[in-house]
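A.B. asks: Quick one: the structure is below, questions incoming.
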Amino acid sequence: MNENPYEANDLPTVGSANESQTAGEPILSIARNVFLAWEKLRIGYVMILTLITLSLIAVGGFPNWTLLLVIIEGAVFANIAYFAGPALETYIRWLGYDKSWPRWLMFSLGTLFSIGLTFGVLAVELFPNQQ
């Protein structure tokens with residue numbers, strides 16, 4: 001046992017070496033790899049939501065200050081909610097499952113959910129009399 005409890009080889013690890021590619025890898029290393037992969041996907045996520053937001057604004061007219069505040073709040077919320085994907089994938093990989101389909105499923109479903117929220121929130125603000 002090392003005297004330094006914070007040394008890298010004392011970090012919790014995943015199962016035995018034959019379970020998966022990430023087996024035996026420190027959880028911080030797994031999390032780092034997963035979060036870096038998701039940060040690359042964030043570019044597409046933000047671009048998709050930005051294009052939808054700008055398209056709705058183009059159809060609905062020039063935004064007022066209230067709408068700009070709603071857009072900023074929505075952008076902050078969308079980026080905070082985005083962390084659910086890499087957090088859940090890190091947990092899945094920590095358990096020993098190393099396939100890539102959960103990342104793409106979570107990214108696709110999360111993006112579709114965010115698109116739905118964007119349409120819903122902005123439609124109410126841009127077209128208030130369309131009930």
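Convention: chains lettered A, B, ... in structure tokens order; per-chain residue numbering from 1; ligands numbered from 1 as shown.
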Give me, as a compact mmCIF listing (two decimals) with C-alpha atoms, in the first residue's frame, all polymer residues having an atom no more than 12 Å from A:Gly110, counting only C-alpha atoms and skipping those fewer than 4 positions away in the same chain.
C.D. replies:
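Writing the result to out_31.txt gives the following:
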# COMPACT_ATOMS: atom_id res chain seq x y z
CA LEU A 41 -20.93 15.60 -30.01
CA ARG A 42 -21.95 18.82 -28.21
CA TYR A 45 -26.12 19.34 -30.56
CA LEU A 49 -30.67 23.62 -31.63
CA ALA A 78 -30.11 22.52 -22.67
CA ASN A 79 -26.38 22.54 -21.95
CA ALA A 81 -29.26 18.75 -19.30
CA TYR A 82 -26.70 17.57 -21.87
CA PHE A 83 -24.51 16.31 -19.01
CA ALA A 84 -27.01 13.51 -18.34
CA GLY A 85 -25.70 11.65 -21.39
CA PRO A 86 -22.01 11.45 -20.48
CA PRO A 102 -25.86 3.56 -25.84
CA ARG A 103 -24.01 6.82 -26.59
CA TRP A 104 -25.73 7.21 -29.95
CA LEU A 105 -29.12 6.23 -28.56
CA MET A 106 -28.85 8.69 -25.65
CA SER A 114 -34.44 19.09 -26.82
CA ILE A 115 -35.79 19.85 -30.29
CA GLY A 116 -39.32 19.18 -29.01
CA LEU A 117 -38.78 21.48 -26.04
A.B. asks: Which of stretch 9-106 of chain A end up as helix (DSSP H, G or I) when DSSP is run on this backbone - answer as number ranges by chain?
C.D. replies: A: 9-10, 27-60, 65-81, 84-94, 101-106
A.B. asks: Record the distance separating atom CA of A:Thr53 and atom CA of A:Phe77, expressed in Å with one decimal.
C.D. replies: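 The value is 14.3 Å.
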A.B. asks: Between A:Leu51, A:Glu89, A:Lys40, A:Leu67, which is the closest to A:Phe127 once you count only C-alpha atoms?
C.D. replies: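 Looking only at the distances to A:Phe127, the closest residue turns out to be A:Leu67.
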A.B. asks: Calculated over only C-alpha atoms, which of the candidates A:Ser29, A:Thr90, A:Ile52, A:Ser108 has the smallest distance to A:Gly120?
C.D. replies: A:Ile52
A.B. asks: Pick the closest to A:Val76 from A:Val46, A:Phe107, A:Pro128, A:Val34: which is it, counting only C-alpha atoms?
C.D. replies: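 Answer, going by the shortest atom-to-atom distance: A:Val46.
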A.B. asks: Hey, which of A:Val121, A:Leu68, A:Ala87, A:Gly96 ends up closest to A:Leu36? Count only C-alpha atoms.
C.D. replies: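 Distance minimum relative to A:Leu36 lands on A:Ala87.
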A.B. asks: Find the spatial neighbours of A:Gly60, counting only C-alpha atoms, within a cut-off of 12 Å - ignore same-chain residues fewer than 4 positions away - and output them as a VMD selection string.
C.D. replies: chain A and resid 53 to 56 64 67 119 122 to 130
A.B. asks: Could you take the residues named above and write them with N, CA and C atoms, as an mmCIF file, in the first residue's frame?
C.D. replies:
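Result saved to selection_12.cif:
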data_model
loop_
_atom_site.group_PDB
_atom_site.id
_atom_site.type_symbol
_atom_site.label_atom_id
_atom_site.label_comp_id
_atom_site.auth_asym_id
_atom_site.auth_seq_id
_atom_site.Cartn_x
_atom_site.Cartn_y
_atom_site.Cartn_z
ATOM 1 N N THR A 53 -33.717 27.205 -33.532
ATOM 2 C CA THR A 53 -34.080 28.465 -32.871
ATOM 3 C C THR A 53 -34.086 29.617 -33.869
ATOM 4 N N LEU A 54 -33.045 29.727 -34.670
ATOM 5 C CA LEU A 54 -32.975 30.814 -35.656
ATOM 6 C C LEU A 54 -34.065 30.683 -36.716
ATOM 7 N N SER A 55 -34.389 29.463 -37.105
ATOM 8 C CA SER A 55 -35.463 29.249 -38.080
ATOM 9 C C SER A 55 -36.810 29.690 -37.515
ATOM 10 N N LEU A 56 -37.079 29.338 -36.266
ATOM 11 C CA LEU A 56 -38.341 29.751 -35.650
ATOM 12 C C LEU A 56 -38.407 31.266 -35.485
ATOM 13 N N ASN A 64 -38.232 39.983 -29.094
ATOM 14 C CA ASN A 64 -38.192 41.055 -28.091
ATOM 15 C C ASN A 64 -37.292 40.612 -26.936
ATOM 16 N N LEU A 67 -38.314 37.307 -25.247
ATOM 17 C CA LEU A 67 -37.951 36.134 -26.033
ATOM 18 C C LEU A 67 -36.452 35.857 -25.952
ATOM 19 N N PHE A 119 -39.159 23.688 -29.865
ATOM 20 C CA PHE A 119 -40.371 24.025 -30.609
ATOM 21 C C PHE A 119 -41.494 24.448 -29.668
ATOM 22 N N LEU A 122 -40.584 27.960 -27.825
ATOM 23 C CA LEU A 122 -40.526 29.105 -28.742
ATOM 24 C C LEU A 122 -41.840 29.327 -29.477
ATOM 25 N N ALA A 123 -42.575 28.258 -29.746
ATOM 26 C CA ALA A 123 -43.869 28.429 -30.406
ATOM 27 C C ALA A 123 -44.823 29.219 -29.516
ATOM 28 N N VAL A 124 -44.804 28.942 -28.217
ATOM 29 C CA VAL A 124 -45.665 29.666 -27.280
ATOM 30 C C VAL A 124 -45.273 31.150 -27.242
ATOM 31 N N GLU A 125 -43.983 31.423 -27.293
ATOM 32 C CA GLU A 125 -43.505 32.820 -27.240
ATOM 33 C C GLU A 125 -43.695 33.553 -28.566
ATOM 34 N N LEU A 126 -43.431 32.882 -29.680
ATOM 35 C CA LEU A 126 -43.484 33.539 -30.987
ATOM 36 C C LEU A 126 -44.900 33.619 -31.555
ATOM 37 N N PHE A 127 -45.733 32.649 -31.227
ATOM 38 C CA PHE A 127 -47.092 32.600 -31.774
ATOM 39 C C PHE A 127 -48.104 32.461 -30.649
ATOM 40 N N PRO A 128 -48.223 33.481 -29.801
ATOM 41 C CA PRO A 128 -49.061 33.354 -28.593
ATOM 42 C C PRO A 128 -50.552 33.233 -28.877
ATOM 43 N N ASN A 129 -51.035 33.685 -30.004
ATOM 44 C CA ASN A 129 -52.472 33.684 -30.277
ATOM 45 C C ASN A 129 -52.900 32.502 -31.159
ATOM 46 N N GLN A 130 -52.104 31.461 -31.240
ATOM 47 C CA GLN A 130 -52.387 30.325 -32.117
ATOM 48 C C GLN A 130 -52.923 29.136 -31.350
#
A.B. asks: Work out how far atom CA of A:Trp38 is from atom CA of A:Tyr91, in Å to one decimal.
C.D. replies: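 We find that atom CA of A:Tyr91 and atom CA of A:Trp38 lie 14.0 Å from each other.
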A.B. asks: Between atom CA of A:Ala37 and atom CA of A:Thr118, measure the distance and give it in Å to one decimal.
C.D. replies: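 Taking atom CA of A:Ala37 and atom CA of A:Thr118, their separation equals 24.4 Å.
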